[in-house]
Amino acid sequence: MRQEKSHLAFLEKLGPMLAMVGAVIVAVQTAWITYGVMMRYVFNKPDQVVTEATALLLVPCAFLGLAYAMQCNALPKVTMITDFFPEKIRGLLEFVNHIIMLLVGSFFSYAAIAAFFRANKTGAASEVLSWPRAWFWAPTALALSVACITLALALWMMVSNRNAAIGRDQ
Amino acid sequence: MEWYYVGGGLLALLMIFIALGLPLPFALAAASLPFLWLIQDFNTSLISTELKIWGVWVDYILLAVPLFVFLGELIARSTIGPNLYRFMHQGVPVKGSAAYGSIGACAGFGAVCGSSMVGSLTIGGVALPEMLKLGYGKRLSAGVLAAGGTLSVLIPPSLILLFYGIVVDISIGELFIAGIIPGLALTTMFAAVVVIWGIVSPQSIPKVDKALKMPLFEILAAVLPILVIGLVITVSIYAGIATPTEAAAVAAFLTVIIAITVGGLRWEGLKGALMATMRTMGYLGLLLSAAALFGFVLTYHRVPQQFTEAFLALELAPYMVLAMVIVFYLIVGMFLEPVSITFITLPTLFPLINSVGYDLIWFGIIYTITMEIAVLTPPVGLNLYVIQGLAPKDIDLKDVILGTLPFIAALATLIVLLLLFPNMALYLPSLSN
């Protein structure tokens with residue numbers, strides 16, 4: 001039981017951990033672009049790398065916060081219709097929504113994992129710097145997979161809470 | 001399959017998912033995928049998704065989004081916003097100075113932040129209790145702050161204008177510049193609303209604001225950061241010194257330094273700003289990728305082109321088409337938030353606007369104003385809920401909604417003014433060209 005709890009706690013920390021990695025990327029992008037502008041105007045030596053490098057970093061950055069955003073309930077949704085439903089139906093809808101989210105998330109995750117292996121195999125690289133695309137697909141695939149794990153965990157919690165409630169009623 | 005089946009089917013499925021309470025990025029993806037699988041097998045759809053994700057996100061222009069979000073979050077977590085508000089009204093011997101100060105602070109905040117919600121939250125958090133304490137009417141206080149936040153999306157930098165520029169593929173810099181005069185006009189109109197409110201309902205505004213004057217150092221600490229950051233963004237873009245992305249990065253870097261030195265920002269605040277940026281990016285990452293798939297399915301079936309041709313076949317006058325589009329956005333804005341509206345509807349509608357002869361930069365400003373109205377109209381008016389969340393218990397949602405109505409009228413008047421005088425939006429971009 002204790003081991004199960006520590007596993008759950010670890011899985012719940014994955015979202016914020018990845019978001020922190022993304023936060024570091026945002027900080028690096030901010031500093032790097034500022035440095036690029038300074039080099040161009042102050043030292044008249046334009047940085048040849050900054051534009052493509054920071055744009056490439058945006059790919060993982062766009063997804064590293066997904067699991068964290070879901071954990072913070074920060075994804076916008078319209079609940080004005082479901083608010084009228086009885087609690088039981090709302091619970092059922094939430095369950096169905098989580099399944100749909102898991103299916104969609106799994107598709108994107110699978111696409112990103114497949115993209116990583118394809119890029120790794122073919123050696124596909126960026127246009128100017130020739131940086132391997134796989135470098136950027138790896139964190140993207142990881143972020144999307146963690147988002148799926150977060151969703152699966154939420155689903156599992158919903159089911160186990162319901163079973164516990166039924167157990168208490170009996 | 002006929003284009004109208006695809007367009008109608010996609011829209012119907014999307015509406016069902018949204019109505020069921022599915023988060024918008026997932027709803028958009030869940031609606032698109034079945035139609036994608038109608039035209040591609042599973043393995044090809046994986047490659048399409050890979051290409052779309054890569055194509056959307058390896059984009060230097062789009063990089064401005066996290067940087068502007070970061071900039072807004074930094075200011076929200078420092079004392080720069082509250083200081084600006086205090087400067088705008090303290091010691092100003094004018095009846096209603098706290099209300100005008102709120103509008104001025106929101107406009108000033110808008111010059112450094114592109115999000116309407118962050119604007120309302122930051123200025124509202126400090127101005128709402130202050131206005132209520134000074135004896136301002138609860139509807140005026142709530143209305144002025146909910147509406148004031150919308151100035152952030154018209155005065156550059158603006159996230160909505162940024163997204164609009166990306167979808168429509170026009171110059172972000174020109175769009176930002178085009179927003180300056182309408183933004184200033186709107187600020188003036190909001191102030192005029194307060195004047196009229198004071199005449200119609202004198203009890204809503206106290207005779208004298210009993211607030212202390214600010215010392216000179218505090219005045220400088222309040223005004224200089226906003227002035228410097230705002231000028232860095234606007235001048236660098238306007239003069240062609242930097243791209244919007246570079247302007248955003250330099251402004252964010254500068255804000256970190258200013259916020260730490262004079263804005264009271266500490267490590268926790270900096271970390272909070274970065275994490276909040278990632279929270280927003282987490283939502284945008286999937287939303288834009290799903291929107292790219294949605295757009296791919298629509299484009300494959302030539303839905304935007306066919307829709308435009310079908311609409312043009314009706315031979316409606318251009319202003320009728322524009323009126324219908326504006327009404328459509330006002331209605332949709334009641335139910336969806338602006339970023340989702342931009343990525344769901346604009347790819348289909350902007351070719352229509354273009355083909356009836358309207359300038360897309362000018363329409364961008366009109367579109368942004370409709371999105372400002374969207375965040376003020378229930379049931380999904382984000383700013384209404386932000387202010388209600390900040391307000392004491394005796395201010396309910398009805399008060400906030402009623403308080404914003406005169407300001408919505410001002411926004412509608414601005415649309416009319418832009419229709420009558422398009423140069424309000426087009427003059428500055430024409431100068432910069």
# chains A, B, ... in the order shown; residues from 1 in each chain; ligands from 1

call {"tool": "closest_atom_pairs", "arguments": {"of": "chain B", "to": "chain A", "cutoff": "8 Å", "atoms": "only C-alpha atoms", "output": "Markdown table"}}
result
| residue | atom | partner | partner_atom | distance |
| --- | --- | --- | --- | --- |
| B:Ile18 | CA | A:Val78 | CA | 6.2 |
| B:Ala19 | CA | A:Ile81 | CA | 6.2 |
| B:Leu20 | CA | A:Thr82 | CA | 6.4 |
| B:Gly21 | CA | A:Thr79 | CA | 5.2 |
| B:Leu22 | CA | A:Asn97 | CA | 5.6 |
| B:Pro23 | CA | A:Lys77 | CA | 4.4 |
| B:Leu24 | CA | A:Lys77 | CA | 5.6 |
| B:Pro25 | CA | A:Leu75 | CA | 7.6 |
| B:Phe26 | CA | A:Met101 | CA | 6.0 |
| B:Ala29 | CA | A:Val104 | CA | 6.8 |
| B:Ala30 | CA | A:Val104 | CA | 6.2 |
| B:Leu46 | CA | A:Ala111 | CA | 5.0 |
| B:Ile47 | CA | A:Ala111 | CA | 7.1 |
| B:Thr49 | CA | A:Ala111 | CA | 6.6 |
| B:Glu50 | CA | A:Ala111 | CA | 6.0 |
| B:Ile53 | CA | A:Val59 | CA | 7.9 |
| B:Trp54 | CA | A:Val59 | CA | 7.0 |
| B:Trp57 | CA | A:Val59 | CA | 5.2 |
| B:Val58 | CA | A:Ala55 | CA | 5.1 |
| B:Asp59 | CA | A:Ala55 | CA | 5.5 |
| B:Tyr60 | CA | A:Ala55 | CA | 4.9 |
| B:Leu63 | CA | A:Ala55 | CA | 6.5 |
| B:Pro66 | CA | A:Val26 | CA | 7.2 |
| B:Leu67 | CA | A:Thr30 | CA | 6.9 |
| B:Ala242 | CA | A:Val37 | CA | 7.7 |
| B:Glu246 | CA | A:Ile33 | CA | 6.2 |
| B:Ala249 | CA | A:Thr30 | CA | 4.7 |
| B:Val250 | CA | A:Thr34 | CA | 5.0 |
| B:Ala252 | CA | A:Thr30 | CA | 6.9 |
| B:Phe253 | CA | A:Thr30 | CA | 6.3 |
| B:Leu274 | CA | A:Ala23 | CA | 5.2 |
| B:Met275 | CA | A:Ala23 | CA | 6.2 |
| B:Thr277 | CA | A:Ala23 | CA | 7.5 |
| B:Met278 | CA | A:Gly65 | CA | 4.8 |
| B:Arg279 | CA | A:Ala69 | CA | 4.6 |
| B:Thr280 | CA | A:Ala69 | CA | 7.2 |
| B:Met281 | CA | A:Ala62 | CA | 5.5 |
| B:Gly282 | CA | A:Leu66 | CA | 3.7 |
| B:Tyr283 | CA | A:Leu75 | CA | 5.7 |
| B:Leu284 | CA | A:Ala62 | CA | 7.1 |
| B:Gly285 | CA | A:Ala62 | CA | 4.4 |
| B:Leu286 | CA | A:Phe63 | CA | 7.1 |
| B:Phe335 | CA | A:Val78 | CA | 7.4 |
| B:Leu336 | CA | A:Val78 | CA | 7.4 |
| B:Glu337 | CA | A:Pro76 | CA | 7.9 |
| B:Pro379 | CA | A:Met80 | CA | 7.4 |
| B:Val380 | CA | A:Val78 | CA | 7.5 |

call {"tool": "write_last_selection", "arguments": {"atoms": "N, CA and C atoms", "output": "tab-separated table (two decimals), in the first residue's frame"}}
result
chain	number	residue	atom	x	y	z
B	18	ILE	N	-17.66	19.75	-27.24
B	18	ILE	CA	-17.57	20.95	-26.37
B	18	ILE	C	-18.72	20.95	-25.37
B	19	ALA	N	-19.92	20.61	-25.86
B	19	ALA	CA	-21.10	20.61	-24.98
B	19	ALA	C	-20.97	19.56	-23.88
B	20	LEU	N	-20.26	18.47	-24.19
B	20	LEU	CA	-20.07	17.41	-23.17
B	20	LEU	C	-19.03	17.80	-22.12
B	21	GLY	N	-18.39	18.95	-22.33
B	21	GLY	CA	-17.42	19.43	-21.34
B	21	GLY	C	-16.00	18.95	-21.59
B	22	LEU	N	-15.72	18.47	-22.80
B	22	LEU	CA	-14.36	18.04	-23.12
B	22	LEU	C	-13.48	19.30	-23.28
B	23	PRO	N	-12.29	19.33	-22.66
B	23	PRO	CA	-11.43	20.50	-22.85
B	23	PRO	C	-11.22	20.81	-24.33
B	24	LEU	N	-11.18	22.10	-24.67
B	24	LEU	CA	-11.22	22.51	-26.07
B	24	LEU	C	-10.12	21.91	-26.96
B	25	PRO	N	-8.85	21.85	-26.50
B	25	PRO	CA	-7.84	21.25	-27.39
B	25	PRO	C	-8.17	19.79	-27.72
B	26	PHE	N	-8.64	19.05	-26.73
B	26	PHE	CA	-8.99	17.64	-26.98
B	26	PHE	C	-10.23	17.53	-27.85
B	29	ALA	N	-9.19	18.09	-31.45
B	29	ALA	CA	-8.48	16.92	-31.98
B	29	ALA	C	-9.45	15.75	-32.17
B	30	ALA	N	-10.32	15.53	-31.19
B	30	ALA	CA	-11.25	14.39	-31.26
B	30	ALA	C	-12.22	14.56	-32.42
B	46	LEU	N	-0.50	9.26	-38.89
B	46	LEU	CA	0.58	9.49	-37.92
B	46	LEU	C	1.64	10.43	-38.52
B	47	ILE	N	1.97	10.16	-39.78
B	47	ILE	CA	2.99	11.00	-40.44
B	47	ILE	C	2.45	12.42	-40.63
B	49	THR	N	0.31	13.93	-38.76
B	49	THR	CA	0.32	14.58	-37.45
B	49	THR	C	1.73	15.04	-37.11
B	50	GLU	N	2.71	14.16	-37.40
B	50	GLU	CA	4.12	14.52	-37.15
B	50	GLU	C	4.50	15.78	-37.93
B	53	ILE	N	2.67	18.90	-36.49
B	53	ILE	CA	3.25	19.38	-35.22
B	53	ILE	C	4.55	20.12	-35.50
B	54	TRP	N	5.40	19.49	-36.32
B	54	TRP	CA	6.71	20.09	-36.63
B	54	TRP	C	6.52	21.42	-37.37
B	57	TRP	N	5.11	24.19	-34.97
B	57	TRP	CA	5.89	24.65	-33.82
B	57	TRP	C	7.32	25.08	-34.12
B	58	VAL	N	7.90	24.61	-35.24
B	58	VAL	CA	9.24	25.14	-35.57
B	58	VAL	C	9.01	26.47	-36.29
B	59	ASP	N	8.71	27.47	-35.53
B	59	ASP	CA	8.29	28.74	-36.09
B	59	ASP	C	8.80	29.86	-35.18
B	60	TYR	N	9.70	30.64	-35.74
B	60	TYR	CA	10.31	31.71	-34.93
B	60	TYR	C	9.29	32.77	-34.54
B	63	LEU	N	7.30	31.76	-31.53
B	63	LEU	CA	8.10	31.82	-30.30
B	63	LEU	C	7.78	33.07	-29.48
B	66	PRO	N	5.21	32.27	-26.08
B	66	PRO	CA	5.65	32.04	-24.69
B	66	PRO	C	6.37	33.23	-24.09
B	67	LEU	N	7.08	33.99	-24.95
B	67	LEU	CA	7.85	35.13	-24.42
B	67	LEU	C	6.91	36.25	-23.95
B	242	ALA	N	13.73	45.25	-34.49
B	242	ALA	CA	13.61	43.85	-34.05
B	242	ALA	C	12.29	43.26	-34.53
B	246	GLU	N	11.87	38.96	-31.19
B	246	GLU	CA	13.04	39.56	-30.53
B	246	GLU	C	12.61	40.64	-29.55
B	249	ALA	N	11.46	38.92	-26.44
B	249	ALA	CA	12.56	38.36	-25.63
B	249	ALA	C	13.31	39.46	-24.88
B	250	VAL	N	13.64	40.53	-25.61
B	250	VAL	CA	14.40	41.62	-24.98
B	250	VAL	C	13.54	42.25	-23.87
B	252	ALA	N	11.13	40.82	-22.18
B	252	ALA	CA	11.01	39.89	-21.05
B	252	ALA	C	12.30	39.90	-20.21
B	253	PHE	N	13.44	39.93	-20.90
B	253	PHE	CA	14.73	39.95	-20.19
B	253	PHE	C	14.85	41.22	-19.34
B	274	LEU	N	7.42	31.56	-14.61
B	274	LEU	CA	7.84	30.56	-15.60
B	274	LEU	C	6.87	29.37	-15.64
B	275	MET	N	6.44	28.93	-14.45
B	275	MET	CA	5.52	27.78	-14.40
B	275	MET	C	4.16	28.16	-15.00
B	277	THR	N	3.73	30.30	-17.33
B	277	THR	CA	3.96	30.32	-18.78
B	277	THR	C	3.84	28.90	-19.34
B	278	MET	N	4.42	27.96	-18.62
B	278	MET	CA	4.35	26.56	-19.09
B	278	MET	C	2.93	26.01	-19.04
B	279	ARG	N	2.17	26.48	-18.05
B	279	ARG	CA	0.76	26.05	-17.95
B	279	ARG	C	-0.01	26.53	-19.18
B	280	THR	N	0.23	27.77	-19.57
B	280	THR	CA	-0.44	28.30	-20.76
B	280	THR	C	0.05	27.58	-22.01
B	281	MET	N	1.36	27.34	-22.07
B	281	MET	CA	1.92	26.65	-23.23
B	281	MET	C	1.40	25.22	-23.35
B	282	GLY	N	1.18	24.59	-22.21
B	282	GLY	CA	0.66	23.22	-22.21
B	282	GLY	C	-0.68	23.16	-22.92
B	283	TYR	N	-1.48	24.18	-22.70
B	283	TYR	CA	-2.80	24.22	-23.34
B	283	TYR	C	-2.65	24.59	-24.81
B	284	LEU	N	-1.77	25.58	-25.10
B	284	LEU	CA	-1.61	26.04	-26.48
B	284	LEU	C	-0.94	24.99	-27.36
B	285	GLY	N	-0.03	24.20	-26.77
B	285	GLY	CA	0.69	23.18	-27.54
B	285	GLY	C	-0.27	22.23	-28.23
B	286	LEU	N	-1.18	21.68	-27.45
B	286	LEU	CA	-2.13	20.73	-28.02
B	286	LEU	C	-3.17	21.45	-28.87
B	335	PHE	N	-19.76	31.82	-26.13
B	335	PHE	CA	-19.64	30.42	-25.71
B	335	PHE	C	-18.21	29.89	-25.70
B	336	LEU	N	-17.32	30.52	-26.46
B	336	LEU	CA	-15.95	30.02	-26.53
B	336	LEU	C	-14.97	31.13	-26.17
B	337	GLU	N	-13.77	30.72	-25.80
B	337	GLU	CA	-12.78	31.76	-25.47
B	337	GLU	C	-11.98	32.13	-26.74
B	379	PRO	N	-22.39	33.38	-21.42
B	379	PRO	CA	-21.97	32.66	-20.21
B	379	PRO	C	-20.46	32.39	-20.09
B	380	VAL	N	-19.69	32.56	-21.19
B	380	VAL	CA	-18.26	32.26	-21.06
B	380	VAL	C	-17.45	33.56	-21.23

call {"tool": "closest_residue", "arguments": {"among": "A:Val159, A:Leu129, A:Ala152, A:Ala134", "to": "Leu92 of chain A", "atoms": "only C-alpha atoms"}}
result
A:Val159

call {"tool": "atom_distance", "arguments": {"atom1": "atom CA of Val386 of chain B", "atom2": "atom CA of Gly333 of chain B"}}
result
16.6 Å

call {"tool": "select_by_dssp", "arguments": {"residues": "segment 71-158 of chain A", "states": "alpha helix (DSSP H)", "output": "PyMOL selection string"}}
result
chain A and resi 71+87-122+133-158

call {"tool": "atom_distance", "arguments": {"atom1": "atom CA of Ser236 of chain B", "atom2": "atom CA of Gly173 of chain B"}}
result
9.6 Å

call {"tool": "closest_residue", "arguments": {"among": "B:Ala76, B:Leu14, B:Ile160, B:Leu270", "to": "Val375 of chain B", "atoms": "only C-alpha atoms"}}
result
B:Ile160

call {"tool": "residues_around", "arguments": {"residues": "Lys52 of chain B", "least_positions_apart": "5", "cutoff": "7 Å", "atoms": "only C-alpha atoms", "output": "list in words"}}
result
Ser289, Ala292 and Leu293 of chain B

call {"tool": "residues_around", "arguments": {"residues": "Arg77 of chain B", "least_positions_apart": "3", "cutoff": "9 Å", "atoms": "only C-alpha atoms", "output": "VMD selection string"}}
result
chain B and resid 72 to 74 80 to 81 122 259 263 to 265 269 to 270 272 to 273

call {"tool": "write_last_selection", "arguments": {"atoms": "N, CA, C and O atoms", "output": "compact mmCIF listing (two decimals), in the first residue's frame"}}
result
# COMPACT_ATOMS: atom_id res chain seq x y z
N GLY B 72 4.07 38.98 -19.43
CA GLY B 72 2.85 39.35 -18.70
C GLY B 72 2.83 38.76 -17.30
O GLY B 72 2.46 39.43 -16.33
N GLU B 73 3.26 37.49 -17.20
CA GLU B 73 3.26 36.82 -15.90
C GLU B 73 4.27 37.47 -14.94
O GLU B 73 4.02 37.57 -13.75
N LEU B 74 5.40 37.90 -15.50
CA LEU B 74 6.42 38.58 -14.67
C LEU B 74 5.85 39.86 -14.06
O LEU B 74 6.00 40.12 -12.87
N ILE B 80 4.95 46.07 -10.25
CA ILE B 80 4.91 47.08 -11.33
C ILE B 80 3.46 47.49 -11.65
O ILE B 80 3.15 48.67 -11.76
N GLY B 81 2.56 46.49 -11.78
CA GLY B 81 1.15 46.77 -12.10
C GLY B 81 0.47 47.58 -10.99
O GLY B 81 -0.09 48.66 -11.24
N THR B 122 -4.43 41.44 -12.72
CA THR B 122 -3.36 42.20 -12.07
C THR B 122 -3.86 43.54 -11.55
O THR B 122 -3.70 43.87 -10.38
N ALA B 259 11.96 44.00 -12.69
CA ALA B 259 11.06 43.46 -11.66
C ALA B 259 11.84 43.03 -10.42
O ALA B 259 11.34 43.16 -9.29
N GLY B 263 10.78 46.07 -8.79
CA GLY B 263 9.40 45.54 -8.78
C GLY B 263 9.13 44.53 -7.68
O GLY B 263 8.04 43.94 -7.65
N GLY B 264 10.09 44.33 -6.80
CA GLY B 264 9.85 43.43 -5.67
C GLY B 264 9.71 41.96 -6.05
O GLY B 264 9.16 41.16 -5.29
N LEU B 265 10.20 41.59 -7.24
CA LEU B 265 10.08 40.19 -7.66
C LEU B 265 11.17 39.36 -6.98
O LEU B 265 12.33 39.74 -6.98
N GLY B 269 8.46 34.33 -7.16
CA GLY B 269 7.68 35.01 -8.19
C GLY B 269 8.18 34.67 -9.59
O GLY B 269 7.39 34.41 -10.50
N LEU B 270 9.51 34.62 -9.75
CA LEU B 270 10.11 34.30 -11.04
C LEU B 270 9.75 32.86 -11.44
O LEU B 270 9.36 32.59 -12.58
N GLY B 272 7.23 31.17 -10.31
CA GLY B 272 5.79 31.15 -10.56
C GLY B 272 5.45 31.65 -11.95
O GLY B 272 4.59 31.09 -12.64
N ALA B 273 6.16 32.70 -12.39
CA ALA B 273 5.91 33.26 -13.73
C ALA B 273 6.28 32.24 -14.81
O ALA B 273 5.55 32.06 -15.79

call {"tool": "residues_around", "arguments": {"residues": "Gly403 of chain B", "least_positions_apart": "3", "cutoff": "12 Å", "atoms": "only C-alpha atoms", "output": "PyMOL selection string"}}
result
chain B and resi 137-148+193-194+197+204+376-377+384+387-388+395-400+406-409

call {"tool": "residues_around", "arguments": {"residues": "Pro206 of chain B", "least_positions_apart": "4", "cutoff": "9 Å", "atoms": "only C-alpha atoms", "output": "list in words"}}
result
Lys95, Gly96, Leu134, Gly135, Tyr136, Gly137 and Pro202 of chain B

call {"tool": "atom_distance", "arguments": {"atom1": "atom CA of Leu13 of chain B", "atom2": "atom CA of Ile341 of chain B"}}
result
15.7 Å

call {"tool": "residues_around", "arguments": {"residues": "Val416 of chain B", "least_positions_apart": "3", "cutoff": "12 Å", "atoms": "only C-alpha atoms", "output": "list in words"}}
result
Pro182, Tyr319, Leu322, Ala323, Ile326, Ile366, Ile369, Thr370, Ala409, Ala410, Leu411, Ala412, Thr413, Leu419, Leu420, Phe421, Pro422 and Met424 of chain B

call {"tool": "write_last_selection", "arguments": {"atoms": "N, CA and C atoms", "output": "tab-separated table (two decimals), in the first residue's frame"}}
result
chain	number	residue	atom	x	y	z
B	182	PRO	N	-6.60	52.68	-32.38
B	182	PRO	CA	-7.86	52.17	-31.81
B	182	PRO	C	-7.75	51.91	-30.29
B	319	TYR	N	-20.49	44.99	-47.04
B	319	TYR	CA	-20.76	45.35	-45.64
B	319	TYR	C	-21.73	44.37	-44.97
B	322	LEU	N	-19.59	41.49	-43.94
B	322	LEU	CA	-18.85	41.88	-42.74
B	322	LEU	C	-19.76	41.89	-41.51
B	323	ALA	N	-20.96	42.42	-41.68
B	323	ALA	CA	-21.90	42.48	-40.56
B	323	ALA	C	-22.22	41.07	-40.08
B	326	ILE	N	-19.26	39.70	-38.17
B	326	ILE	CA	-19.13	40.31	-36.83
B	326	ILE	C	-20.18	39.72	-35.88
B	366	ILE	N	-10.77	44.83	-36.10
B	366	ILE	CA	-12.20	44.61	-35.87
B	366	ILE	C	-12.39	43.26	-35.15
B	369	ILE	N	-11.49	43.42	-31.54
B	369	ILE	CA	-12.52	44.08	-30.72
B	369	ILE	C	-13.68	43.11	-30.44
B	370	THR	N	-14.04	42.31	-31.44
B	370	THR	CA	-15.12	41.33	-31.18
B	370	THR	C	-14.67	40.31	-30.12
B	409	ALA	N	-20.85	48.75	-24.95
B	409	ALA	CA	-21.38	49.74	-25.91
B	409	ALA	C	-20.22	50.56	-26.50
B	410	ALA	N	-19.22	50.90	-25.65
B	410	ALA	CA	-18.06	51.65	-26.15
B	410	ALA	C	-17.29	50.82	-27.18
B	411	LEU	N	-17.15	49.53	-26.91
B	411	LEU	CA	-16.45	48.65	-27.87
B	411	LEU	C	-17.21	48.58	-29.19
B	412	ALA	N	-18.55	48.49	-29.09
B	412	ALA	CA	-19.37	48.44	-30.31
B	412	ALA	C	-19.23	49.76	-31.07
B	413	THR	N	-19.17	50.88	-30.33
B	413	THR	CA	-19.00	52.18	-30.99
B	413	THR	C	-17.67	52.24	-31.72
B	419	LEU	N	-15.36	51.28	-38.96
B	419	LEU	CA	-16.04	51.11	-40.26
B	419	LEU	C	-16.10	52.45	-40.99
B	420	LEU	N	-16.37	53.51	-40.24
B	420	LEU	CA	-16.48	54.84	-40.85
B	420	LEU	C	-15.11	55.42	-41.20
B	421	PHE	N	-14.15	55.17	-40.32
B	421	PHE	CA	-12.79	55.73	-40.52
B	421	PHE	C	-11.74	54.62	-40.46
B	422	PRO	N	-11.62	53.85	-41.54
B	422	PRO	CA	-10.67	52.71	-41.52
B	422	PRO	C	-9.23	53.15	-41.24
B	424	MET	N	-8.15	54.84	-38.98
B	424	MET	CA	-7.81	54.72	-37.56
B	424	MET	C	-6.86	53.54	-37.34
